Every structure is written in structure tokens, then in C-alpha cells.
Amino acid sequence: GDSVTQMEGPVTLSEEAFLTINCTYTATGYPSLFWYVQYPGEGLQLLLKATKADDKGSNKGFEATYRKETTSFHLEKGSVQVSDSAVYFCALSHSGNTPLVFGKGTRLSVIA
Amino acid sequence: DTEVTQTPKHLVMGMTNKKSLKCEQHMGHRAMYWYKQKAKKPPELMFVYSYEKLSINESVPSRFSPECPNSSLLNLHLHALQPEDSALYLCASSQDHGRNYEQYFGPGTRLTVT
């Protein structure tokens, strides 16, 4: 079945550091790929998405490119802020009735 | 408006109680979802409604009973829960049900079963 693998956390960075959170997936066909963010005590917010190979999703300084050849969708940000501290979930969605398949999540802590 | 609202924000209930969680969206979305999220885990899908009909039930115990009274509302009726059911319950909606439709999540209801 479909699956998503994320790098293990927690990840701790200093403010203004470069962020990469790795995400790879296993799926047949052409899934859509998503990054969701969950701030403490809140629900999930869609951060960005890509629906086909080579698409780049971007939002709030975060970017991720759909790489079909490496089945990856790594999340990057050039300069993180303390307010970026949260849990980040990579997810995929397939055709038909397949629900969102989530990775285990990566907790990011940014220190001033 | 991309908001999904959920009430209550917090709920404490005993194992013999009956309570309901409510979810509402006014984005014209035709698919709505219930998820359960335990601490430090990703959300787990419980139910999917598509065009007000239950389309997916992920083998959820019968003590959880979903209801979709109309296209904007989704309820989750709770009865005879167990302490292990304590979790964050998230509602989500999407324009339709399929790979290209992102889901919008509500803030969740934090449920504690005593």
C-alpha cells in the first residue's frame, strides 16, 4: 500500500538557519503530495501542495518539489524563525477513495 | 473563508456519558472527514462523508457514531467510551473527494475520557 516516510525528529535549529525535512513516498501511479503544519494545541494547516511531477509548491518561504524519479518531496526554508516551531507532516493522496496517507511527522524547534 | 470550526474545544466525559462533537464549514465542500490524533502521532482517519453519505468507515468501534445532517455540518456522537479513546478529534473538509483536493482541518476537540 501507499506510505510516506519522513526524517526522524526532533530537529532543533537556530533562528535564520536553513531547514530541510526529508520526505519520501511509496505509491503506484501519480499521487498528489502535501505538507501540513501543526502548531502546538492546534489543528493541521495546509502549508503547500504539488499535484504532478516537477511541480514546486511554495508558501510562507517554504518550498517543496515533487520529484518522481526519487519519489521525494523534501521541505525546505532558507531562514527559519522561532514562529516556525511546529510539527510538520508530509502526506499523499491517491485517486478514488484513498484518504490522506501521513508520514509520522517531524517536530521542529527553532531557538533564538 | 477557509475555516472549519469545531465545538467544543475541550470535553471531559465519563465512560457512561453520551456526548457529541460538532463540525461546521461554509466553503461549499462536499467531502467531510473525522480523524483521531493521539499525542505525537499523525492523524488517523475514522470516517469520510461524500455528498452527505458515509463513504469510508475505517473499522471504527460502534461507540463512535457519525452523522452528516447537511452539507455544512458533521457530528460525531460518543457513547460508552473508554479511557484509551482520549485524544484530539479533528474534523476536515475538502471540495470533493479525490487526489487533487486538499483537506482543510478544524482546530480539533481535545477529548478526555475518565
# chains A, B, ... in the order shown; residues from 1 in each chain; ligands from 1

$ closest_atom_pairs --of "chain B" --to "chain A" --cutoff "6 Å" --atoms "only C-alpha atoms" --output "Markdown table"
| residue | atom | partner | partner_atom | distance |
| --- | --- | --- | --- | --- |
| B:Pro42 | CA | A:Lys104 | CA | 5.5 |
| B:Gly98 | CA | A:Ser95 | CA | 5.5 |
| B:Arg99 | CA | A:His94 | CA | 4.8 |
| B:Phe105 | CA | A:Leu44 | CA | 5.6 |
| B:Gly106 | CA | A:Gly43 | CA | 5.7 |
| B:Pro107 | CA | A:Gly43 | CA | 4.1 |
| B:Gly108 | CA | A:Gly43 | CA | 5.7 |

$ write_last_selection --atoms "all heavy atoms" --output "compact mmCIF listing (two decimals), in the first residue's frame"
# COMPACT_ATOMS: atom_id res chain seq x y z
N PRO B 42 0.57 10.98 13.86
CA PRO B 42 -0.22 11.64 12.82
C PRO B 42 -1.70 11.34 13.00
O PRO B 42 -2.06 10.39 13.72
CB PRO B 42 0.31 10.98 11.53
CG PRO B 42 0.82 9.65 11.97
CD PRO B 42 1.35 9.84 13.36
N GLY B 98 -10.93 13.22 -3.65
CA GLY B 98 -10.03 12.76 -4.70
C GLY B 98 -8.65 13.33 -4.49
O GLY B 98 -8.42 14.17 -3.62
N ARG B 99 -7.72 12.95 -5.32
CA ARG B 99 -6.30 13.22 -5.08
C ARG B 99 -5.95 14.70 -5.16
O ARG B 99 -5.00 15.14 -4.54
CB ARG B 99 -5.45 12.43 -6.07
CG ARG B 99 -5.63 12.84 -7.52
CD ARG B 99 -4.77 12.02 -8.44
NE ARG B 99 -3.37 12.36 -8.38
CZ ARG B 99 -2.81 13.36 -9.03
NH1 ARG B 99 -3.55 14.16 -9.77
NH2 ARG B 99 -1.51 13.60 -8.92
N PHE B 105 -8.45 21.54 7.80
CA PHE B 105 -8.71 20.99 9.12
C PHE B 105 -9.24 22.05 10.08
O PHE B 105 -8.85 23.22 10.02
CB PHE B 105 -7.43 20.39 9.71
CG PHE B 105 -7.04 19.08 9.10
CD1 PHE B 105 -6.39 19.02 7.88
CD2 PHE B 105 -7.32 17.89 9.76
CE1 PHE B 105 -6.02 17.81 7.31
CE2 PHE B 105 -6.96 16.67 9.20
CZ PHE B 105 -6.32 16.63 7.98
N GLY B 106 -10.10 21.60 11.00
CA GLY B 106 -10.50 22.44 12.11
C GLY B 106 -9.47 22.37 13.23
O GLY B 106 -8.50 21.62 13.14
N PRO B 107 -9.70 23.14 14.30
CA PRO B 107 -8.74 23.20 15.42
C PRO B 107 -8.79 21.98 16.32
O PRO B 107 -7.88 21.77 17.12
CB PRO B 107 -9.15 24.45 16.18
CG PRO B 107 -10.60 24.60 15.87
CD PRO B 107 -10.79 24.10 14.47
N GLY B 108 -9.85 21.19 16.20
CA GLY B 108 -9.92 19.97 16.99
C GLY B 108 -10.69 20.11 18.29
O GLY B 108 -10.88 21.21 18.81

$ residues_around --residues "Ala17 (chain A)" --least-positions-apart "2" --cutoff "7 Å" --atoms "only C-alpha atoms" --output "PDB file with C-alpha atoms, in the first residue's frame"
ATOM      1  CA  LEU A  13      17.799  24.822  14.643  1.00  0.00           C
ATOM      2  CA  SER A  14      18.956  28.308  15.461  1.00  0.00           C
ATOM      3  CA  GLU A  15      16.995  31.229  14.061  1.00  0.00           C
ATOM      4  CA  LEU A  19      15.819  23.916   7.040  1.00  0.00           C
ATOM      5  CA  GLY A  78      16.078  29.326   3.671  1.00  0.00           C
ATOM      6  CA  SER A  79      15.848  31.098   7.018  1.00  0.00           C
ATOM      7  CA  VAL A  80      13.699  29.723   9.836  1.00  0.00           C
TER       8      VAL A  80
END

$ select_by_dssp --residues "chain B" --states "strand (DSSP E)" --output "ChimeraX atom specification"
/B:4-7,10-13,18-25,31-37,44-50,53-57,64-70,73-79,87-94,104-105,109-113

$ residues_around --residues "Leu81 (chain B)" --least-positions-apart "4" --cutoff "7 Å" --atoms "only C-alpha atoms" --output "ChimeraX atom specification"
/B:15,63,85,113
